[in-house]
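Everything on this sheet refers to the single structure shown next.
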Amino acid sequence: MARYRPTRINWGFTLLVAILLAAAVLITLADTVDFGGMIPTWDEIFESAELRDPVFTDAEFSVHVIDVGQGDSILIKSPGYSILIDAGEKEYGPEIVSYLQSQDVSMLDYVVATHPHADHIGGMAYVIEQMKVRHVIAPQVPKSITPTSKAYQNMLTAIKEKGLKITRPEVGEVYELDDGSQFTILGPVEPSTEMNNNSVVLKFEYGDTSFLFTGDCEADMEELILDTGADVSADVLKLGHHGSSTSTSDEWLEAVNPRFGAISCGKDNSYGHPHKETIAKLKQAGVEYYRTDLDGTIIFESDGEAIRVVLPDAA
């Protein structure tokens, strides 16, 4: 694991700056924020003003499971590349772009739209419009279930207007990046009439650490992937379908054998995600898991040998 050197702080100067900033914020917000007549704390000032910035990580490699409610959006930052997997519902587009900018991401080398459900690609059009994008990977779904949704059409329009082309995922194809990292396409093995099973499944490797991203892949497709003989083992598993009991079969979890699990789901969502059966499996397998509905955005940092978990909302 990378060593982190504590920064020496001039507390006298810092306190002076904090007081001046607090005074400026209070003056600015006096007419717009109601503190109930009480003197607010420093945290209350920033929370009320919505000034709390995302935690920046300068780790060699990091995976950010961004809190986008009942949806998916994941940023992968390797030393020379930035990759975005999914972009939540439409309303999260600006928030995702803001988050990318907070992490010094000015260009996305790859954008992966795992499958055309709105909670995965709703914000993608905005991201593509606002960011420099080099490559787009998205599955080709059967014609009988090709969506006619506004979210899907908007994404296709944004791709076309940027002069980009969609690369279809080919199982077994390895994308070797010149910074030493790589990702491998594991699914979908074949087109499915069940949209979730058309999800792009990929394994990312950085040094001796590995991460498995599954979209909304269900147990049926998990079985097909295992039948290919692919190496699905990974240190971190992004659970399929927001932790639904229809994903993460016993066989899949055993084969992946993750140390960490990440579940992207919305607080008090109507689907009951993650399902209690899935949580029970993780606990029984000794998997250390995190949920965006409870933990907010989840960051996995890697130095190529070990993984460190950072929870910005708890920082």
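Ordered as shown in the structure tokens, chains take letters A, B, and onward, while each chain numbers its residues from 1 and ligands are numbered from 1 in the order shown.
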
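The neighbours of region 193-197 of chain A here are the residues that come within 10 Å of it, using only C-alpha atoms and leaving out any residue fewer than 6 positions away in the same chain; they are A:Thr114, A:His115, A:Pro116, A:His117, A:Val141, A:Pro142, A:Lys143, A:Ser144, A:Ile145, A:Thr146, A:Pro147, A:Gly187, A:Thr214, A:Gly215, A:Asp216, A:Cys217, A:Glu218, A:Ala219, A:Asp220, A:Met221, A:Glu222, A:Gly240, A:His241.
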
Thr167 (chain A) environment, 9 Å, only C-alpha atoms, sequence neighbours closer than 3 positions dropped, as a ChimeraX atom specification: /A:135-139,170

Please report as a tab-separated table every residue of region 141-245 of chain A lying within 9 Å of region 271-283 of chain A, along with the nearest atom pair and their distance in Å (one decimal), using only C-alpha atoms.
residue	atom	partner	partner_atom	distance
A:His241	CA	A:His273	CA	8.6
A:His242	CA	A:Pro274	CA	6.0
A:Gly243	CA	A:Pro274	CA	4.2
A:Ser244	CA	A:His275	CA	5.3
A:Ser245	CA	A:Thr278	CA	5.6

Export of the given selection (all heavy atoms) as an mmCIF file, in the first residue's frame:
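So again00.cif came out as:
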data_model
loop_
_atom_site.group_PDB
_atom_site.id
_atom_site.type_symbol
_atom_site.label_atom_id
_atom_site.label_comp_id
_atom_site.auth_asym_id
_atom_site.auth_seq_id
_atom_site.Cartn_x
_atom_site.Cartn_y
_atom_site.Cartn_z
ATOM 1 N N HIS A 241 -26.796 -5.311 -11.008
ATOM 2 C CA HIS A 241 -28.192 -4.900 -10.811
ATOM 3 C C HIS A 241 -28.463 -4.358 -9.414
ATOM 4 O O HIS A 241 -29.443 -4.718 -8.754
ATOM 5 C CB HIS A 241 -29.136 -6.065 -11.125
ATOM 6 C CG HIS A 241 -30.522 -5.612 -11.441
ATOM 7 N ND1 HIS A 241 -31.550 -6.509 -11.634
ATOM 8 C CD2 HIS A 241 -31.076 -4.376 -11.584
ATOM 9 C CE1 HIS A 241 -32.678 -5.849 -11.880
ATOM 10 N NE2 HIS A 241 -32.410 -4.551 -11.864
ATOM 11 N N HIS A 242 -27.565 -3.486 -8.951
ATOM 12 C CA HIS A 242 -27.776 -2.739 -7.706
ATOM 13 C C HIS A 242 -27.943 -3.637 -6.478
ATOM 14 O O HIS A 242 -28.613 -3.271 -5.507
ATOM 15 C CB HIS A 242 -28.988 -1.810 -7.841
ATOM 16 C CG HIS A 242 -29.056 -1.092 -9.148
ATOM 17 N ND1 HIS A 242 -28.212 -0.045 -9.456
ATOM 18 C CD2 HIS A 242 -29.824 -1.293 -10.257
ATOM 19 C CE1 HIS A 242 -28.475 0.378 -10.695
ATOM 20 N NE2 HIS A 242 -29.438 -0.368 -11.191
ATOM 21 N N GLY A 243 -27.344 -4.838 -6.549
ATOM 22 C CA GLY A 243 -27.449 -5.748 -5.411
ATOM 23 C C GLY A 243 -28.715 -6.578 -5.407
ATOM 24 O O GLY A 243 -29.100 -7.139 -4.371
ATOM 25 N N SER A 244 -29.370 -6.695 -6.560
ATOM 26 C CA SER A 244 -30.594 -7.493 -6.648
ATOM 27 C C SER A 244 -30.298 -8.976 -6.408
ATOM 28 O O SER A 244 -29.209 -9.469 -6.709
ATOM 29 C CB SER A 244 -31.231 -7.330 -8.036
ATOM 30 O OG SER A 244 -32.281 -8.253 -8.224
ATOM 31 N N SER A 245 -31.302 -9.690 -5.904
ATOM 32 C CA SER A 245 -31.158 -11.127 -5.670
ATOM 33 C C SER A 245 -31.118 -11.906 -6.974
ATOM 34 O O SER A 245 -30.774 -13.091 -6.984
ATOM 35 C CB SER A 245 -32.316 -11.636 -4.808
ATOM 36 O OG SER A 245 -33.562 -11.406 -5.446
#

Which residues of region 58-129 of chain A have any atom within 10 Å of an atom in region 285-304 of chain A when counting only C-alpha atoms, and what is the closest pair of atoms for each, with the distance in Å to one decimal? Order the rows by chain and rising number and write it as a tab-separated table.
residue	atom	partner	partner_atom	distance
A:Asp58	CA	A:Glu301	CA	9.0
A:Ala59	CA	A:Glu301	CA	6.0
A:Glu60	CA	A:Asp303	CA	5.7
A:Phe61	CA	A:Ser302	CA	5.2
A:Ser62	CA	A:Glu301	CA	4.4
A:Val63	CA	A:Phe300	CA	5.1
A:His64	CA	A:Ile299	CA	4.5
A:Val65	CA	A:Ile298	CA	5.0
A:Ile66	CA	A:Thr297	CA	4.6
A:Asp67	CA	A:Thr297	CA	4.6
A:Val68	CA	A:Thr292	CA	8.1
A:Gly69	CA	A:Asp293	CA	7.0
A:Gln70	CA	A:Asp293	CA	8.5
A:Gly71	CA	A:Thr292	CA	9.9
A:Asp72	CA	A:Thr292	CA	9.8
A:Ser73	CA	A:Thr297	CA	10.0
A:Ile74	CA	A:Ile298	CA	9.6
A:Leu75	CA	A:Ile299	CA	9.3
A:Ile76	CA	A:Phe300	CA	9.6
A:Lys77	CA	A:Glu301	CA	9.5
A:Ser78	CA	A:Ser302	CA	9.4

Please dump the current selection as an mmCIF file, in the first residue's frame; keep N, CA and C atoms.
data_model
loop_
_atom_site.group_PDB
_atom_site.id
_atom_site.type_symbol
_atom_site.label_atom_id
_atom_site.label_comp_id
_atom_site.auth_asym_id
_atom_site.auth_seq_id
_atom_site.Cartn_x
_atom_site.Cartn_y
_atom_site.Cartn_z
ATOM 1 N N ASP A 58 -5.166 11.705 -5.331
ATOM 2 C CA ASP A 58 -4.027 11.697 -6.242
ATOM 3 C C ASP A 58 -3.349 10.330 -6.234
ATOM 4 N N ALA A 59 -4.116 9.292 -5.899
ATOM 5 C CA ALA A 59 -3.590 7.932 -5.916
ATOM 6 C C ALA A 59 -3.157 7.558 -7.331
ATOM 7 N N GLU A 60 -2.223 6.621 -7.429
ATOM 8 C CA GLU A 60 -1.751 6.179 -8.738
ATOM 9 C C GLU A 60 -2.921 5.700 -9.599
ATOM 10 N N PHE A 61 -3.819 4.960 -8.977
ATOM 11 C CA PHE A 61 -4.962 4.385 -9.680
ATOM 12 C C PHE A 61 -6.157 4.445 -8.753
ATOM 13 N N SER A 62 -7.319 4.781 -9.294
ATOM 14 C CA SER A 62 -8.498 4.862 -8.440
ATOM 15 C C SER A 62 -9.763 4.520 -9.204
ATOM 16 N N VAL A 63 -10.699 3.926 -8.492
ATOM 17 C CA VAL A 63 -12.028 3.618 -9.018
ATOM 18 C C VAL A 63 -13.035 4.347 -8.144
ATOM 19 N N HIS A 64 -13.883 5.149 -8.771
ATOM 20 C CA HIS A 64 -14.851 5.961 -8.053
ATOM 21 C C HIS A 64 -16.258 5.470 -8.382
ATOM 22 N N VAL A 65 -16.914 4.869 -7.414
ATOM 23 C CA VAL A 65 -18.309 4.475 -7.588
ATOM 24 C C VAL A 65 -19.129 5.682 -7.135
ATOM 25 N N ILE A 66 -19.549 6.484 -8.112
ATOM 26 C CA ILE A 66 -20.154 7.785 -7.827
ATOM 27 C C ILE A 66 -21.608 7.603 -7.377
ATOM 28 N N ASP A 67 -21.963 8.300 -6.338
ATOM 29 C CA ASP A 67 -23.333 8.235 -5.829
ATOM 30 C C ASP A 67 -24.262 8.985 -6.773
ATOM 31 N N VAL A 68 -25.037 8.226 -7.554
ATOM 32 C CA VAL A 68 -26.016 8.826 -8.469
ATOM 33 C C VAL A 68 -27.406 8.247 -8.182
ATOM 34 N N GLY A 69 -27.697 8.052 -6.912
ATOM 35 C CA GLY A 69 -28.998 7.524 -6.547
ATOM 36 C C GLY A 69 -29.188 6.112 -7.055
ATOM 37 N N GLN A 70 -30.403 5.814 -7.560
ATOM 38 C CA GLN A 70 -30.711 4.479 -8.064
ATOM 39 C C GLN A 70 -30.231 4.345 -9.500
ATOM 40 N N GLY A 71 -28.916 4.350 -9.650
ATOM 41 C CA GLY A 71 -28.305 4.248 -10.971
ATOM 42 C C GLY A 71 -26.844 3.892 -10.817
ATOM 43 N N ASP A 72 -26.131 3.849 -11.932
ATOM 44 C CA ASP A 72 -24.704 3.520 -11.929
ATOM 45 C C ASP A 72 -23.905 4.609 -12.618
ATOM 46 N N SER A 73 -22.743 4.913 -12.069
ATOM 47 C CA SER A 73 -21.746 5.737 -12.742
ATOM 48 C C SER A 73 -20.415 5.499 -12.048
ATOM 49 N N ILE A 74 -19.430 5.080 -12.815
ATOM 50 C CA ILE A 74 -18.143 4.694 -12.248
ATOM 51 C C ILE A 74 -17.015 5.336 -13.046
ATOM 52 N N LEU A 75 -16.125 6.006 -12.345
ATOM 53 C CA LEU A 75 -14.929 6.595 -12.959
ATOM 54 C C LEU A 75 -13.728 5.736 -12.621
ATOM 55 N N ILE A 76 -12.952 5.405 -13.655
ATOM 56 C CA ILE A 76 -11.687 4.692 -13.469
ATOM 57 C C ILE A 76 -10.567 5.626 -13.907
ATOM 58 N N LYS A 77 -9.632 5.876 -13.003
ATOM 59 C CA LYS A 77 -8.474 6.717 -13.322
ATOM 60 C C LYS A 77 -7.204 5.910 -13.164
ATOM 61 N N SER A 78 -6.560 5.603 -14.289
ATOM 62 C CA SER A 78 -5.245 4.985 -14.241
ATOM 63 C C SER A 78 -4.232 6.085 -14.542
#

Can you pull out every residue from region 183-313 of chain A that DSSP, working from the backbone, puts in alpha helix (DSSP H), and format the result as a PyMOL selection string? chain A and resi 219-227+250-256+276-285+292-295

7 Å contact set for region 205-213 of chain A, only C-alpha atoms, chain neighbours under 6 positions out, as a JSON list (two decimals) with N, CA, C and O atoms, in the first residue's frame:
[["chain", "number", "residue", "atom", "x", "y", "z"],
["A", 181, "SER", "N", -1.84, -0.73, -17.44],
["A", 181, "SER", "CA", -3.12, -1.29, -17.04],
["A", 181, "SER", "C", -3.83, -1.87, -18.25],
["A", 181, "SER", "O", -3.43, -1.64, -19.40],
["A", 182, "GLN", "N", -4.89, -2.62, -18.01],
["A", 182, "GLN", "CA", -5.64, -3.20, -19.11],
["A", 182, "GLN", "C", -7.04, -3.58, -18.65],
["A", 182, "GLN", "O", -7.29, -3.74, -17.46],
["A", 183, "PHE", "N", -7.96, -3.67, -19.62],
["A", 183, "PHE", "CA", -9.26, -4.22, -19.29],
["A", 183, "PHE", "C", -9.68, -5.22, -20.34],
["A", 183, "PHE", "O", -9.31, -5.11, -21.51],
["A", 234, "ALA", "N", -11.44, -11.23, -8.89],
["A", 234, "ALA", "CA", -11.15, -9.80, -8.76],
["A", 234, "ALA", "C", -11.13, -9.41, -7.29],
["A", 234, "ALA", "O", -11.81, -10.02, -6.46],
["A", 235, "ASP", "N", -10.34, -8.39, -7.00],
["A", 235, "ASP", "CA", -10.28, -7.88, -5.63],
["A", 235, "ASP", "C", -11.54, -7.10, -5.27],
["A", 235, "ASP", "O", -11.98, -7.12, -4.13],
["A", 236, "VAL", "N", -12.10, -6.41, -6.28],
["A", 236, "VAL", "CA", -13.30, -5.59, -6.06],
["A", 236, "VAL", "C", -14.37, -6.00, -7.06],
["A", 236, "VAL", "O", -14.10, -6.08, -8.26],
["A", 237, "LEU", "N", -15.56, -6.26, -6.56],
["A", 237, "LEU", "CA", -16.70, -6.59, -7.42],
["A", 237, "LEU", "C", -17.75, -5.50, -7.30],
["A", 237, "LEU", "O", -18.23, -5.20, -6.20],
["A", 238, "LYS", "N", -18.10, -4.87, -8.44],
["A", 238, "LYS", "CA", -19.25, -3.99, -8.48],
["A", 238, "LYS", "C", -20.43, -4.90, -8.74],
["A", 238, "LYS", "O", -20.58, -5.47, -9.82],
["A", 304, "GLY", "N", -1.17, -0.66, -7.13],
["A", 304, "GLY", "CA", -0.76, -1.81, -7.93],
["A", 304, "GLY", "C", -0.51, -3.05, -7.11],
["A", 304, "GLY", "O", -0.39, -4.15, -7.65],
["A", 305, "GLU", "N", -0.46, -2.88, -5.79],
["A", 305, "GLU", "CA", -0.23, -4.01, -4.90],
["A", 305, "GLU", "C", -1.34, -4.18, -3.86],
["A", 305, "GLU", "O", -1.73, -5.30, -3.53],
["A", 306, "ALA", "N", -1.85, -3.07, -3.35],
["A", 306, "ALA", "CA", -2.88, -3.12, -2.32],
["A", 306, "ALA", "C", -3.94, -2.07, -2.61],
["A", 306, "ALA", "O", -3.71, -1.10, -3.34]]

Excluding Lys132 (chain A) and its own-chain neighbours fewer than 3 positions away, which residues fall within 12 Å of it when counting only C-alpha atoms? Please give them as an NGL selection string. :A and (82-84 or 97 or 100-101 or 105-111 or 126-129 or 135-136 or 158-159 or 162-164)

If you keep N, CA and C atoms, can you produce a file of those selected residues as a PDB file, in the first residue's frame?
ATOM      1  N   SER A  82      -8.497   7.869 -18.411  1.00  0.00           N
ATOM      2  CA  SER A  82      -9.716   8.065 -17.641  1.00  0.00           C
ATOM      3  C   SER A  82     -10.856   7.376 -18.380  1.00  0.00           C
ATOM      4  N   ILE A  83     -11.624   6.597 -17.641  1.00  0.00           N
ATOM      5  CA  ILE A  83     -12.699   5.801 -18.224  1.00  0.00           C
ATOM      6  C   ILE A  83     -13.961   6.006 -17.406  1.00  0.00           C
ATOM      7  N   LEU A  84     -15.088   6.211 -18.078  1.00  0.00           N
ATOM      8  CA  LEU A  84     -16.366   6.348 -17.381  1.00  0.00           C
ATOM      9  C   LEU A  84     -17.277   5.210 -17.795  1.00  0.00           C
ATOM     10  N   VAL A  97     -20.347  15.408 -14.532  1.00  0.00           N
ATOM     11  CA  VAL A  97     -19.326  16.244 -15.178  1.00  0.00           C
ATOM     12  C   VAL A  97     -18.583  17.060 -14.136  1.00  0.00           C
ATOM     13  N   LEU A 100     -16.176  14.770 -12.389  1.00  0.00           N
ATOM     14  CA  LEU A 100     -15.015  14.478 -13.232  1.00  0.00           C
ATOM     15  C   LEU A 100     -14.026  15.635 -13.196  1.00  0.00           C
ATOM     16  N   GLN A 101     -14.540  16.844 -13.292  1.00  0.00           N
ATOM     17  CA  GLN A 101     -13.679  18.022 -13.262  1.00  0.00           C
ATOM     18  C   GLN A 101     -12.983  18.162 -11.915  1.00  0.00           C
ATOM     19  N   VAL A 105     -10.175  15.451 -14.416  1.00  0.00           N
ATOM     20  CA  VAL A 105     -10.416  14.695 -15.646  1.00  0.00           C
ATOM     21  C   VAL A 105     -10.917  15.667 -16.708  1.00  0.00           C
ATOM     22  N   SER A 106     -10.131  15.869 -17.731  1.00  0.00           N
ATOM     23  CA  SER A 106     -10.509  16.782 -18.818  1.00  0.00           C
ATOM     24  C   SER A 106     -10.896  16.025 -20.078  1.00  0.00           C
ATOM     25  N   MET A 107     -10.527  14.736 -20.128  1.00  0.00           N
ATOM     26  CA  MET A 107     -10.863  13.924 -21.292  1.00  0.00           C
ATOM     27  C   MET A 107     -11.138  12.498 -20.847  1.00  0.00           C
ATOM     28  N   LEU A 108     -12.141  11.890 -21.451  1.00  0.00           N
ATOM     29  CA  LEU A 108     -12.462  10.491 -21.193  1.00  0.00           C
ATOM     30  C   LEU A 108     -11.954   9.663 -22.377  1.00  0.00           C
ATOM     31  N   ASP A 109     -11.001   8.789 -22.100  1.00  0.00           N
ATOM     32  CA  ASP A 109     -10.450   7.961 -23.167  1.00  0.00           C
ATOM     33  C   ASP A 109     -11.460   6.919 -23.625  1.00  0.00           C
ATOM     34  N   TYR A 110     -12.214   6.393 -22.672  1.00  0.00           N
ATOM     35  CA  TYR A 110     -13.272   5.443 -22.998  1.00  0.00           C
ATOM     36  C   TYR A 110     -14.524   5.788 -22.195  1.00  0.00           C
ATOM     37  N   VAL A 111     -15.646   5.730 -22.868  1.00  0.00           N
ATOM     38  CA  VAL A 111     -16.946   5.807 -22.213  1.00  0.00           C
ATOM     39  C   VAL A 111     -17.647   4.485 -22.493  1.00  0.00           C
ATOM     40  N   TYR A 126     -25.338  14.261 -21.855  1.00  0.00           N
ATOM     41  CA  TYR A 126     -24.751  15.482 -21.301  1.00  0.00           C
ATOM     42  C   TYR A 126     -23.241  15.318 -21.116  1.00  0.00           C
ATOM     43  N   VAL A 127     -22.828  14.163 -20.611  1.00  0.00           N
ATOM     44  CA  VAL A 127     -21.396  13.918 -20.403  1.00  0.00           C
ATOM     45  C   VAL A 127     -20.646  13.990 -21.729  1.00  0.00           C
ATOM     46  N   ILE A 128     -21.176  13.345 -22.754  1.00  0.00           N
ATOM     47  CA  ILE A 128     -20.510  13.336 -24.060  1.00  0.00           C
ATOM     48  C   ILE A 128     -20.479  14.728 -24.668  1.00  0.00           C
ATOM     49  N   GLU A 129     -21.549  15.484 -24.467  1.00  0.00           N
ATOM     50  CA  GLU A 129     -21.595  16.852 -25.000  1.00  0.00           C
ATOM     51  C   GLU A 129     -20.578  17.757 -24.319  1.00  0.00           C
ATOM     52  N   HIS A 135     -13.363   7.330 -27.221  1.00  0.00           N
ATOM     53  CA  HIS A 135     -13.972   6.080 -27.658  1.00  0.00           C
ATOM     54  C   HIS A 135     -15.241   5.796 -26.859  1.00  0.00           C
ATOM     55  N   VAL A 136     -16.225   5.195 -27.517  1.00  0.00           N
ATOM     56  CA  VAL A 136     -17.468   4.793 -26.866  1.00  0.00           C
ATOM     57  C   VAL A 136     -17.671   3.295 -27.075  1.00  0.00           C
ATOM     58  N   ALA A 158     -25.857  12.568 -29.335  1.00  0.00           N
ATOM     59  CA  ALA A 158     -24.633  13.185 -28.817  1.00  0.00           C
ATOM     60  C   ALA A 158     -23.394  12.519 -29.407  1.00  0.00           C
ATOM     61  N   ILE A 159     -23.434  11.196 -29.513  1.00  0.00           N
ATOM     62  CA  ILE A 159     -22.309  10.453 -30.095  1.00  0.00           C
ATOM     63  C   ILE A 159     -22.097  10.863 -31.551  1.00  0.00           C
ATOM     64  N   LYS A 162     -20.708  14.420 -32.015  1.00  0.00           N
ATOM     65  CA  LYS A 162     -19.302  14.538 -31.654  1.00  0.00           C
ATOM     66  C   LYS A 162     -18.397  13.831 -32.666  1.00  0.00           C
ATOM     67  N   GLY A 163     -18.991  13.210 -33.676  1.00  0.00           N
ATOM     68  CA  GLY A 163     -18.202  12.505 -34.688  1.00  0.00           C
ATOM     69  C   GLY A 163     -17.601  11.214 -34.167  1.00  0.00           C
ATOM     70  N   LEU A 164     -18.231  10.619 -33.160  1.00  0.00           N
ATOM     71  CA  LEU A 164     -17.734   9.387 -32.560  1.00  0.00           C
ATOM     72  C   LEU A 164     -18.444   8.186 -33.150  1.00  0.00           C
TER      73      LEU A 164
END

Applying 10 Å and only C-alpha atoms, which residues near Ala151 (chain A) remain after dropping the ones on its own chain fewer than 6 positions away? List them as a PyMOL selection string. chain A and resi 89-90+116-125+157

For C-alpha atoms, I'd like the residues from the last selection saved as a PDB file, in the first residue's frame.
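What ended up in selection_33.pdb:
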ATOM      1  CA  GLU A  89     -30.305   9.151 -14.802  1.00  0.00           C
ATOM      2  CA  LYS A  90     -30.527  12.321 -16.898  1.00  0.00           C
ATOM      3  CA  PRO A 116     -29.588   1.235 -22.598  1.00  0.00           C
ATOM      4  CA  HIS A 117     -31.564   1.556 -19.367  1.00  0.00           C
ATOM      5  CA  ALA A 118     -32.095   5.175 -18.308  1.00  0.00           C
ATOM      6  CA  ASP A 119     -30.534   4.688 -14.866  1.00  0.00           C
ATOM      7  CA  HIS A 120     -27.274   3.835 -16.632  1.00  0.00           C
ATOM      8  CA  ILE A 121     -27.264   6.054 -19.726  1.00  0.00           C
ATOM      9  CA  GLY A 122     -29.659   8.883 -18.859  1.00  0.00           C
ATOM     10  CA  GLY A 123     -26.858  11.348 -18.157  1.00  0.00           C
ATOM     11  CA  MET A 124     -24.575  10.066 -20.911  1.00  0.00           C
ATOM     12  CA  ALA A 125     -25.658  12.570 -23.570  1.00  0.00           C
ATOM     13  CA  THR A 157     -27.434  11.920 -31.077  1.00  0.00           C
TER      14      THR A 157
END

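The spacing separating CA of Ile96 (chain A) from CA of Ser264 (chain A) amounts to 14.5 Å.
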
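All residues of protein, DNA or RNA that reach within 10 Å of Val232 (chain A), judged by only C-alpha atoms and not counting those fewer than 4 positions away in the chain, are Thr184, Leu186, Leu202, Lys203, Ser210, Phe211, Leu212, Glu222, Ile225, Leu226, Leu237, Trp252, Leu253, Glu254, Ala255, Val256, Asn257 and Pro258 of chain A.
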